[in-house]
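Peer 1: File run26.cif below, mmCIF, C-alpha atoms:
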```cif
data_data
#
loop_
_atom_site.label_atom_id
_atom_site.label_comp_id
_atom_site.auth_asym_id
_atom_site.auth_seq_id
_atom_site.Cartn_x
_atom_site.Cartn_y
_atom_site.Cartn_z
CA MET A 1 66.08 152.93 -71.18
CA GLU A 2 68.60 155.68 -70.83
CA TRP A 3 69.57 158.85 -72.61
CA THR A 4 73.14 160.03 -72.84
CA GLN A 5 74.14 163.35 -74.31
CA GLN A 6 77.44 165.06 -74.82
CA GLN A 7 79.20 167.68 -76.88
CA ILE A 8 81.78 166.56 -79.45
CA ASN A 9 84.30 169.17 -80.56
CA LEU A 10 85.29 168.29 -84.12
CA ARG A 11 88.79 169.37 -85.01
CA PRO A 12 88.97 172.14 -87.64
CA ARG A 13 88.73 171.08 -91.30
CA SER A 14 89.28 172.91 -94.54
CA ARG A 15 86.28 173.88 -96.64
CA GLY A 16 84.75 170.76 -98.18
CA PHE A 17 83.15 167.43 -97.33
CA HIS A 18 84.94 165.29 -94.72
CA ILE A 19 84.32 161.84 -93.26
CA ILE A 20 84.02 162.00 -89.46
CA THR A 21 82.59 158.55 -88.69
CA ASP A 22 85.60 157.39 -86.66
CA GLU A 23 85.92 160.69 -84.79
CA VAL A 24 82.25 160.52 -83.79
CA LEU A 25 82.37 156.85 -82.75
CA ALA A 26 85.54 157.38 -80.69
CA ALA A 27 83.66 159.99 -78.66
CA LEU A 28 80.73 157.68 -77.93
CA PRO A 29 81.97 154.56 -76.11
CA GLN A 30 78.56 154.18 -74.41
CA LEU A 31 77.05 153.40 -77.80
CA ARG A 32 78.45 149.87 -77.42
CA ASP A 33 75.94 149.28 -74.60
CA CYS A 34 72.90 150.26 -76.67
CA SER A 35 70.99 147.23 -77.93
CA VAL A 36 68.47 149.19 -80.03
CA GLY A 37 68.06 152.91 -80.55
CA VAL A 38 68.88 155.99 -82.56
CA LEU A 39 71.91 158.29 -82.52
CA HIS A 40 71.07 161.97 -82.92
CA LEU A 41 73.79 164.36 -84.07
CA PHE A 42 73.21 168.12 -84.16
CA ILE A 43 75.71 170.72 -85.33
CA GLN A 44 75.42 174.02 -83.45
CA HIS A 45 76.45 176.22 -86.37
CA THR A 46 74.73 177.92 -89.30
CA SER A 47 77.52 177.63 -91.88
CA ALA A 48 78.38 173.93 -91.64
CA SER A 49 76.17 170.86 -91.92
CA LEU A 50 76.02 167.09 -91.44
CA ALA A 51 75.29 164.49 -94.11
CA ILE A 52 75.57 160.79 -94.84
CA ASN A 53 77.10 159.58 -98.08
CA GLU A 54 79.76 157.40 -99.65
CA ASP A 55 82.88 156.88 -97.56
CA ALA A 56 85.00 155.16 -100.22
CA SER A 57 85.95 157.34 -103.21
CA PRO A 58 87.46 160.73 -102.26
CA ASP A 59 86.25 161.97 -105.65
CA VAL A 60 82.68 161.85 -104.38
CA ARG A 61 83.55 164.36 -101.66
CA SER A 62 85.43 166.71 -103.98
CA ASP A 63 82.65 166.50 -106.59
CA LEU A 64 80.10 167.34 -103.88
CA GLU A 65 82.15 170.40 -102.89
CA GLY A 66 82.42 171.41 -106.55
CA HIS A 67 78.73 170.95 -107.20
CA PHE A 68 77.45 172.72 -104.09
CA ASN A 69 79.65 175.66 -105.11
CA ILE A 70 77.58 175.78 -108.30
CA LEU A 71 74.26 175.44 -106.47
CA ALA A 72 75.23 178.19 -104.00
CA PRO A 73 77.96 180.28 -105.64
CA GLU A 74 79.98 183.08 -104.11
CA HIS A 75 79.42 186.66 -105.29
CA ALA A 76 75.86 186.10 -106.55
CA ARG A 77 74.55 189.54 -107.40
CA HIS A 78 71.37 189.15 -105.40
CA TYR A 79 73.10 188.56 -102.02
CA ARG A 80 72.67 191.33 -99.48
CA HIS A 81 74.33 189.47 -96.57
CA THR A 82 77.94 189.99 -97.64
CA ASP A 83 79.62 191.61 -94.61
CA GLU A 84 81.23 188.39 -93.37
CA GLY A 85 82.95 187.50 -96.64
CA PRO A 86 82.02 185.89 -99.96
CA ASP A 87 81.90 182.38 -98.43
CA ASP A 88 79.33 183.32 -95.76
CA MET A 89 75.97 183.55 -97.52
CA PRO A 90 76.69 180.46 -99.68
CA ALA A 91 77.49 178.66 -96.41
CA HIS A 92 74.06 179.52 -94.97
CA ILE A 93 72.34 178.29 -98.15
CA LYS A 94 74.29 175.02 -98.14
CA ALA A 95 73.51 174.49 -94.45
CA VAL A 96 69.78 174.88 -95.13
CA LEU A 97 69.99 172.54 -98.15
CA ILE A 98 71.91 169.81 -96.31
CA GLY A 99 70.66 170.23 -92.76
CA SER A 100 71.89 170.55 -89.18
CA ALA A 101 70.96 167.13 -87.79
CA LEU A 102 71.39 163.43 -88.50
CA THR A 103 69.57 160.43 -87.05
CA ILE A 104 71.14 156.99 -87.46
CA PRO A 105 69.74 153.68 -86.18
CA ILE A 106 71.69 151.75 -83.54
CA ALA A 107 71.60 147.97 -83.05
CA ASN A 108 73.73 145.69 -80.89
CA GLY A 109 76.16 148.43 -79.93
CA GLY A 110 76.89 149.75 -83.42
CA LEU A 111 75.50 152.11 -86.04
CA LEU A 112 73.35 150.50 -88.73
CA LEU A 113 75.04 152.32 -91.58
CA GLY A 114 74.95 150.79 -95.04
CA THR A 115 78.09 149.24 -96.50
CA TRP A 116 79.21 152.42 -98.24
CA GLN A 117 77.84 155.01 -95.84
CA GLY A 118 79.89 157.35 -93.68
CA ILE A 119 79.11 160.45 -91.62
CA TYR A 120 80.18 163.73 -93.25
CA LEU A 121 81.05 167.07 -91.77
CA CYS A 122 80.23 169.55 -94.54
CA GLU A 123 82.42 172.56 -93.81
CA HIS A 124 81.16 175.51 -95.83
CA ARG A 125 83.46 178.25 -94.54
CA ASN A 126 87.06 178.78 -95.64
CA HIS A 127 88.16 178.94 -91.99
CA GLY A 128 85.37 177.38 -89.94
CA GLY A 129 87.46 176.36 -86.94
CA THR A 130 86.35 173.82 -84.35
CA ARG A 131 82.76 172.69 -84.85
CA LYS A 132 80.53 171.66 -81.95
CA VAL A 133 78.19 168.70 -82.37
CA VAL A 134 75.71 167.56 -79.71
CA ALA A 135 75.39 163.76 -79.71
CA THR A 136 72.35 162.20 -78.05
CA VAL A 137 72.07 158.41 -77.78
CA MET A 138 68.46 157.39 -77.26
CA GLY A 139 67.56 153.77 -76.86
CA ALA A 140 67.52 150.66 -74.73
CA MET A 141 70.73 149.79 -72.92
CA GLN A 142 71.91 146.23 -72.40
CA MET B 1 58.13 152.21 -73.45
CA GLU B 2 59.53 149.93 -76.08
CA TRP B 3 61.69 150.15 -79.15
CA THR B 4 61.15 147.95 -82.16
CA GLN B 5 63.47 147.89 -85.12
CA GLN B 6 63.49 145.98 -88.36
CA GLN B 7 64.76 146.04 -91.90
CA ILE B 8 62.31 146.68 -94.73
CA ASN B 9 63.37 145.56 -98.19
CA LEU B 10 61.69 147.86 -100.69
CA ARG B 11 60.99 146.25 -104.02
CA PRO B 12 63.03 147.68 -106.93
CA ARG B 13 61.72 150.84 -108.57
CA SER B 14 62.68 152.70 -111.71
CA ARG B 15 64.55 155.97 -111.42
CA GLY B 16 62.25 158.65 -110.03
CA PHE B 17 60.09 159.56 -107.04
CA HIS B 18 57.75 156.84 -105.72
CA ILE B 19 55.15 156.71 -102.96
CA ILE B 20 55.92 153.91 -100.49
CA THR B 21 53.59 154.81 -97.61
CA ASP B 22 51.53 151.62 -97.88
CA GLU B 23 54.56 149.37 -98.32
CA VAL B 24 56.14 150.84 -95.18
CA LEU B 25 52.97 150.62 -93.09
CA ALA B 26 52.34 147.02 -94.15
CA ALA B 27 55.75 146.09 -92.74
CA LEU B 28 55.07 147.73 -89.36
CA PRO B 29 51.98 146.13 -87.76
CA GLN B 30 53.37 146.96 -84.28
CA LEU B 31 52.88 150.64 -85.04
CA ARG B 32 49.19 150.12 -84.24
CA ASP B 33 50.14 149.56 -80.58
CA CYS B 34 52.05 152.83 -80.26
CA SER B 35 50.03 155.52 -78.48
CA VAL B 36 52.58 158.30 -78.94
CA GLY B 37 56.01 158.29 -80.55
CA VAL B 38 58.12 158.79 -83.63
CA LEU B 39 58.84 156.52 -86.59
CA HIS B 40 62.43 156.68 -87.82
CA LEU B 41 63.22 155.48 -91.34
CA PHE B 42 66.80 155.23 -92.57
CA ILE B 43 67.86 154.16 -96.07
CA GLN B 44 71.18 152.28 -96.10
CA HIS B 45 72.29 153.53 -99.51
CA THR B 46 74.16 156.55 -100.88
CA SER B 47 72.35 156.90 -104.21
CA ALA B 48 68.71 156.86 -103.08
CA SER B 49 66.91 158.96 -100.50
CA LEU B 50 63.68 159.36 -98.52
CA ALA B 51 61.33 162.35 -98.59
CA ILE B 52 57.82 163.41 -97.67
CA ASN B 53 55.64 165.22 -100.18
CA GLU B 54 52.33 165.21 -102.00
CA ASP B 55 50.80 161.82 -102.59
CA ALA B 56 47.97 162.90 -104.92
CA SER B 57 49.11 164.23 -108.30
CA PRO B 58 51.60 161.98 -110.16
CA ASP B 59 52.78 165.13 -111.96
CA VAL B 60 54.39 166.33 -108.73
CA ARG B 61 56.60 163.23 -108.69
CA SER B 62 57.58 163.49 -112.35
CA ASP B 63 58.25 167.22 -112.01
CA LEU B 64 60.46 166.51 -109.00
CA GLU B 65 62.42 163.95 -111.05
CA GLY B 66 62.71 166.45 -113.90
CA HIS B 67 63.82 169.27 -111.65
CA PHE B 68 66.37 167.30 -109.64
CA ASN B 69 67.89 166.25 -112.96
CA ILE B 70 68.47 169.95 -113.59
CA LEU B 71 69.86 170.60 -110.11
CA ALA B 72 72.22 167.60 -110.39
CA PRO B 73 72.67 166.85 -114.10
CA GLU B 74 74.47 163.93 -115.69
CA HIS B 75 77.75 164.54 -117.53
CA ALA B 76 78.64 167.76 -115.70
CA ARG B 77 82.15 168.61 -116.80
CA HIS B 78 83.47 169.04 -113.28
CA TYR B 79 82.63 165.49 -112.11
CA ARG B 80 85.64 163.26 -111.43
CA HIS B 81 83.64 160.35 -109.95
CA THR B 82 82.38 158.89 -113.24
CA ASP B 83 83.48 155.23 -113.16
CA GLU B 84 80.08 153.87 -112.13
CA GLY B 85 78.11 155.54 -114.92
CA PRO B 86 76.63 158.97 -115.65
CA ASP B 87 73.77 158.49 -113.16
CA ASP B 88 76.09 157.79 -110.20
CA MET B 89 77.53 161.16 -109.14
CA PRO B 90 74.18 162.96 -109.65
CA ALA B 91 72.66 160.26 -107.42
CA HIS B 92 75.11 161.06 -104.61
CA ILE B 93 74.35 164.79 -104.90
CA LYS B 94 70.59 164.17 -104.83
CA ALA B 95 70.96 161.88 -101.81
CA VAL B 96 72.85 164.60 -99.90
CA LEU B 97 70.28 167.24 -100.91
CA ILE B 98 67.24 165.14 -99.92
CA GLY B 99 68.66 163.05 -97.07
CA SER B 100 68.86 159.48 -95.82
CA ALA B 101 66.41 159.58 -92.91
CA LEU B 102 62.84 160.54 -92.08
CA THR B 103 61.16 161.07 -88.73
CA ILE B 104 57.36 161.05 -88.58
CA PRO B 105 55.19 161.50 -85.47
CA ILE B 106 52.98 158.61 -84.32
CA ALA B 107 49.72 158.98 -82.39
CA ASN B 108 47.07 156.43 -81.50
CA GLY B 109 48.56 153.73 -83.67
CA GLY B 110 48.96 155.74 -86.87
CA LEU B 111 51.30 158.19 -88.55
CA LEU B 112 50.44 161.87 -88.10
CA LEU B 113 50.94 162.72 -91.75
CA GLY B 114 49.15 165.74 -93.20
CA THR B 115 46.21 165.25 -95.54
CA TRP B 116 48.32 165.34 -98.68
CA GLN B 117 51.54 163.85 -97.38
CA GLY B 118 53.02 160.52 -98.39
CA ILE B 119 56.40 158.84 -97.90
CA TYR B 120 58.64 158.86 -100.99
CA LEU B 121 61.42 156.59 -102.07
CA CYS B 122 63.61 158.78 -104.26
CA GLU B 123 65.44 156.36 -106.55
CA HIS B 124 68.34 158.15 -108.18
CA ARG B 125 69.96 155.26 -110.07
CA ASN B 126 68.72 153.84 -113.36
CA HIS B 127 68.85 150.33 -111.90
CA GLY B 128 68.97 150.70 -108.14
CA GLY B 129 67.55 147.30 -107.25
CA THR B 130 66.10 146.41 -103.84
CA ARG B 131 66.62 149.18 -101.29
CA LYS B 132 67.05 148.45 -97.58
CA VAL B 133 65.38 150.71 -95.03
CA VAL B 134 65.80 150.36 -91.27
CA ALA B 135 62.57 151.24 -89.46
CA THR B 136 62.72 152.07 -85.76
CA VAL B 137 59.52 152.72 -83.82
CA MET B 138 60.26 154.68 -80.66
CA GLY B 139 57.50 155.59 -78.29
CA ALA B 140 55.03 154.52 -75.66
CA MET B 141 53.10 151.34 -76.30
CA GLN B 142 49.50 150.84 -75.26
CA MET C 1 60.65 158.96 -69.17
CA GLU C 2 57.65 160.56 -70.81
CA TRP C 3 56.55 161.58 -74.25
CA THR C 4 54.40 164.61 -74.86
CA GLN C 5 52.93 165.50 -78.20
CA GLN C 6 50.78 168.36 -79.40
CA GLN C 7 49.81 170.33 -82.46
CA ILE C 8 51.07 173.89 -82.84
CA ASN C 9 49.14 176.14 -85.21
CA LEU C 10 51.59 178.67 -86.60
CA ARG C 11 50.01 181.98 -87.52
CA PRO C 12 50.01 182.74 -91.26
CA ARG C 13 53.19 184.23 -92.73
CA SER C 14 54.00 185.75 -96.06
CA ARG C 15 56.13 183.81 -98.52
CA GLY C 16 59.70 183.64 -97.26
CA PHE C 17 61.85 182.46 -94.36
CA HIS C 18 60.63 183.35 -90.85
CA ILE C 19 62.01 182.80 -87.36
CA ILE C 20 59.53 180.91 -85.17
CA THR C 21 61.73 179.93 -82.22
CA ASP C 22 59.76 181.96 -79.67
CA GLU C 23 56.38 180.87 -81.02
CA VAL C 24 57.41 177.21 -80.76
CA LEU C 25 58.88 177.55 -77.26
CA ALA C 26 55.81 179.39 -75.98
CA ALA C 27 53.69 176.42 -77.00
CA LEU C 28 55.88 173.90 -75.15
CA PRO C 29 56.03 174.81 -71.44
CA GLN C 30 56.62 171.14 -70.57
CA LEU C 31 60.00 171.35 -72.24
CA ARG C 32 61.28 173.07 -69.08
CA ASP C 33 60.85 169.76 -67.23
CA CYS C 34 62.94 167.75 -69.67
CA SER C 35 66.46 167.11 -68.35
CA VAL C 36 67.77 165.42 -71.51
CA GLY C 37 66.04 164.58 -74.77
CA VAL C 38 65.16 165.61 -78.30
CA LEU C 39 62.43 167.89 -79.64
CA HIS C 40 60.83 166.65 -82.86
CA LEU C 41 58.96 169.12 -85.06
CA PHE C 42 57.00 167.96 -88.11
CA ILE C 43 55.12 170.22 -90.51
CA GLN C 44 52.00 168.58 -91.95
CA HIS C 45 52.17 170.33 -95.33
CA THR C 46 53.84 169.72 -98.67
CA SER C 47 54.51 173.34 -99.67
CA ALA C 48 56.22 174.66 -96.53
CA SER C 49 59.21 173.37 -94.62
CA LEU C 50 61.25 173.71 -91.42
CA ALA C 51 64.92 174.64 -91.15
CA ILE C 52 67.52 175.87 -88.69
CA ASN C 53 69.75 178.81 -89.54
CA GLU C 54 70.93 182.22 -88.46
CA ASP C 55 68.50 184.22 -86.36
CA ALA C 56 70.38 187.54 -86.36
CA SER C 57 70.63 189.25 -89.78
CA PRO C 58 67.29 189.58 -91.63
CA ASP C 59 69.34 189.69 -94.85
CA VAL C 60 70.12 185.99 -94.44
CA ARG C 61 66.42 185.18 -94.59
CA SER C 62 65.72 187.41 -97.61
CA ASP C 63 68.81 186.05 -99.42
CA LEU C 64 67.60 182.51 -98.73
CA GLU C 65 64.20 183.37 -100.22
CA GLY C 66 65.92 184.95 -103.22
CA HIS C 67 68.24 182.03 -103.76
CA PHE C 68 65.65 179.28 -103.40
CA ASN C 69 63.60 181.13 -106.02
CA ILE C 70 66.55 180.61 -108.35
CA LEU C 71 66.99 176.95 -107.40
CA ALA C 72 63.26 176.28 -107.89
CA PRO C 73 61.90 179.03 -110.16
CA GLU C 74 58.30 179.68 -111.11
CA HIS C 75 57.17 179.03 -114.69
CA ALA C 76 59.89 176.48 -115.50
CA ARG C 77 58.98 175.05 -118.89
CA HIS C 78 59.27 171.46 -117.75
CA TYR C 79 56.61 171.69 -115.00
CA ARG C 80 53.43 169.74 -115.66
CA HIS C 81 51.89 170.33 -112.18
CA THR C 82 50.69 173.90 -112.78
CA ASP C 83 46.97 173.82 -111.90
CA GLU C 84 47.38 175.32 -108.44
CA GLY C 85 49.34 178.38 -109.55
CA PRO C 86 52.94 179.23 -110.44
CA ASP C 87 54.09 179.13 -106.81
CA ASP C 88 52.87 175.56 -106.23
CA MET C 89 55.37 173.26 -107.95
CA PRO C 90 58.36 175.36 -106.78
CA ALA C 91 56.92 175.04 -103.26
CA HIS C 92 56.95 171.22 -103.50
CA ILE C 93 60.56 171.25 -104.75
CA LYS C 94 61.67 173.57 -101.93
CA ALA C 95 59.87 171.42 -99.34
CA VAL C 96 61.72 168.31 -100.58
CA LEU C 97 65.05 170.18 -100.60
CA ILE C 98 64.64 171.61 -97.09
CA GLY C 99 62.55 168.93 -95.39
CA SER C 100 59.45 168.48 -93.25
CA ALA C 101 61.00 167.67 -89.88
CA LEU C 102 63.53 169.01 -87.39
CA THR C 103 65.18 167.33 -84.42
CA ILE C 104 66.85 169.51 -81.78
CA PRO C 105 68.60 168.32 -78.63
CA ILE C 106 67.15 169.30 -75.23
CA ALA C 107 69.15 169.70 -72.01
CA ASN C 108 68.17 171.09 -68.61
CA GLY C 109 64.81 172.33 -69.82
CA GLY C 110 66.01 174.22 -72.91
CA LEU C 111 66.93 173.67 -76.54
CA LEU C 112 70.65 173.17 -77.23
CA LEU C 113 70.70 175.55 -80.17
CA GLY C 114 73.97 177.21 -81.15
CA THR C 115 74.52 180.89 -80.41
CA TRP C 116 73.26 182.05 -83.81
CA GLN C 117 70.68 179.36 -84.52
CA GLY C 118 66.95 179.86 -84.74
CA ILE C 119 64.04 177.73 -85.98
CA TYR C 120 62.68 178.77 -89.37
CA LEU C 121 59.29 178.32 -90.94
CA CYS C 122 59.99 178.31 -94.67
CA GLU C 123 56.73 179.41 -96.28
CA HIS C 124 56.85 178.60 -99.97
CA ARG C 125 53.32 179.63 -101.00
CA ASN C 126 52.14 183.18 -101.61
CA HIS C 127 49.15 182.58 -99.33
CA GLY C 128 49.94 179.54 -97.23
CA GLY C 129 47.65 180.32 -94.32
CA THR C 130 47.95 178.71 -90.89
CA ARG C 131 50.53 175.92 -90.80
CA LYS C 132 50.19 172.91 -88.50
CA VAL C 133 53.28 171.54 -86.78
CA VAL C 134 53.27 168.42 -84.59
CA ALA C 135 55.71 168.82 -81.69
CA THR C 136 56.89 165.71 -79.85
CA VAL C 137 59.11 166.03 -76.79
CA MET C 138 60.96 162.78 -76.16
CA GLY C 139 63.28 162.45 -73.23
CA ALA C 140 63.75 162.08 -69.53
CA MET C 141 61.68 164.32 -67.29
CA GLN C 142 62.98 165.78 -64.04
#
```
If you convert what's in this file into structure tokens, what do you get?
Peer 2:
Amino acid sequence: MEWTQQQINLRPRSRGFHIITDEVLAALPQLRDCSVGVLHLFIQHTSASLAINEDASPDVRSDLEGHFNILAPEHARHYRHTDEGPDDMPAHIKAVLIGSALTIPIANGGLLLGTWQGIYLCEHRNHGGTRKVVATVMGAMQ
Amino acid sequence: MEWTQQQINLRPRSRGFHIITDEVLAALPQLRDCSVGVLHLFIQHTSASLAINEDASPDVRSDLEGHFNILAPEHARHYRHTDEGPDDMPAHIKAVLIGSALTIPIANGGLLLGTWQGIYLCEHRNHGGTRKVVATVMGAMQ
Amino acid sequence: MEWTQQQINLRPRSRGFHIITDEVLAALPQLRDCSVGVLHLFIQHTSASLAINEDASPDVRSDLEGHFNILAPEHARHYRHTDEGPDDMPAHIKAVLIGSALTIPIANGGLLLGTWQGIYLCEHRNHGGTRKVVATVMGAMQ
């Protein structure tokens, strides 16, 4: 039984939903030695989030961006937190709706994702910059 | 300290919110040997999700289904991902809103759910079929 | 490797989003002995939830309360679960949207929260009373 933990610096993305599965796996070579466990990912920001969804059709990601812009629109008249730009308060709402952490089962050195599942970075700011994710592998090592 | 992990195949449900607490517990007899830990459940699909909410009134579940159909309606004009039917893109949105994983504390061989809490399968497709859930018990065994 | 688990009784809050980081940390002195791990928090209620978001501007919390009241309004005509008051069914919807559990990485005896991140109790009832949270520290102890 071992725990490994590290920070992953995700390269900047434009506003929207982006697949980061390969970028995350490339940063975690020790995952190959884990026979059974759970990967914990935690984004250290309040205006971006992590999700799991379809990694095939790009339309799914653009429709998600379009729909979350309806659920949490810019320039809503009731917002008081507007100093940091019109994309800021919607970003906080989206981050609370989607969440800051993911947990994914590990078996035999790989993630037990479903056939169509990928890991998403949900970038809610227009210019979010590099995003920091803490990755903790918890489980039994081979 | 041990980790156990297995796949649970949930029987098909109709579209809506369904309590699966008993079906999950029946598949995890080893949970009775866990003195302290966490149960991790992960659904390997992008159009169904897992949640925890009230397990008493059936009206709560039907109101949830009704309300999520408002939050993520069929036939929204901005959807581009429409090839797999009108229930498909709303299902992806609901899955991102609700999430693919649950973590529930374990103590003395049982789940530490609150008095009114149950585990939900949230089936977002009209004909979702069998749903696969990976259950990982992490903790200290007696 | 050790697991510690305990119940934290959060003092009653008014309806809205509240920072509880200090109250949670004060209840978990053993966290200082954890060199690497994950803190798991689980709220044992179906009408309150836990989230992570900005802990600086109070306007973020009041805007979140305002916006979730739009996403899950009182007195929606389609609600059937109305016996426990107009704030009850919206509270269940918000709890499903936001979630019952948090997982936060631990390193060197502290939480690896981002610069602006705090732990929120999201109280969705007008008079929710004391809220019970189960805190499980999983990790390697020094």
Peer 1: Using CA of Ile98 in chain B and CA of His127 in chain C as the two end points, give the distance in Å to one decimal.
Peer 2: 25.1 Å
Peer 1: Exactly which residues make up the result of the PyMOL selection byres ((chain B) within 10 of (chain A)) on this file, given as a count of residues only?
Peer 2: 43
Peer 1: What is the CA of Arg77 in chain A to CA of Ser49 in chain C distance in Å?
Peer 2: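 Distance between the two atoms: 25.7 Å.
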Peer 1: Might you spell out which residues the PyMOL selection byres ((chain C and resi 109) around 6) would select in the displayed file, as a PyMOL selection string?
Peer 2: chain C and resi 31-35+107-108+110
Peer 1: Evaluate the PyMOL selection byres ((chain B and resi 23) around 10) and record the selected residues as a list of chain:residue names, following the chain and residue labels used in the document.
Peer 2: B:Ile8, B:Asn9, B:Leu10, B:Arg11, B:Ile19, B:Ile20, B:Thr21, B:Asp22, B:Val24, B:Leu25, B:Ala26, B:Ala27, B:Leu28, B:Ile119
Peer 1: Between A:Met141, A:Arg13, A:Asp87, A:Cys122, which residue has the minimum interatomic distance to His75 in chain A, considering only C-alpha atoms?
Peer 2: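 Going through A:Met141, A:Arg13, A:Asp87, A:Cys122 one by one, the smallest distance to His75 in chain A is for A:Asp87.
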Peer 1: Calculate how many Å separate CA of Leu39 in chain B from CA of Leu111 in chain B, rounding to one decimal.
Peer 2: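 Rounded to one decimal, the two atoms are 8.0 Å apart.
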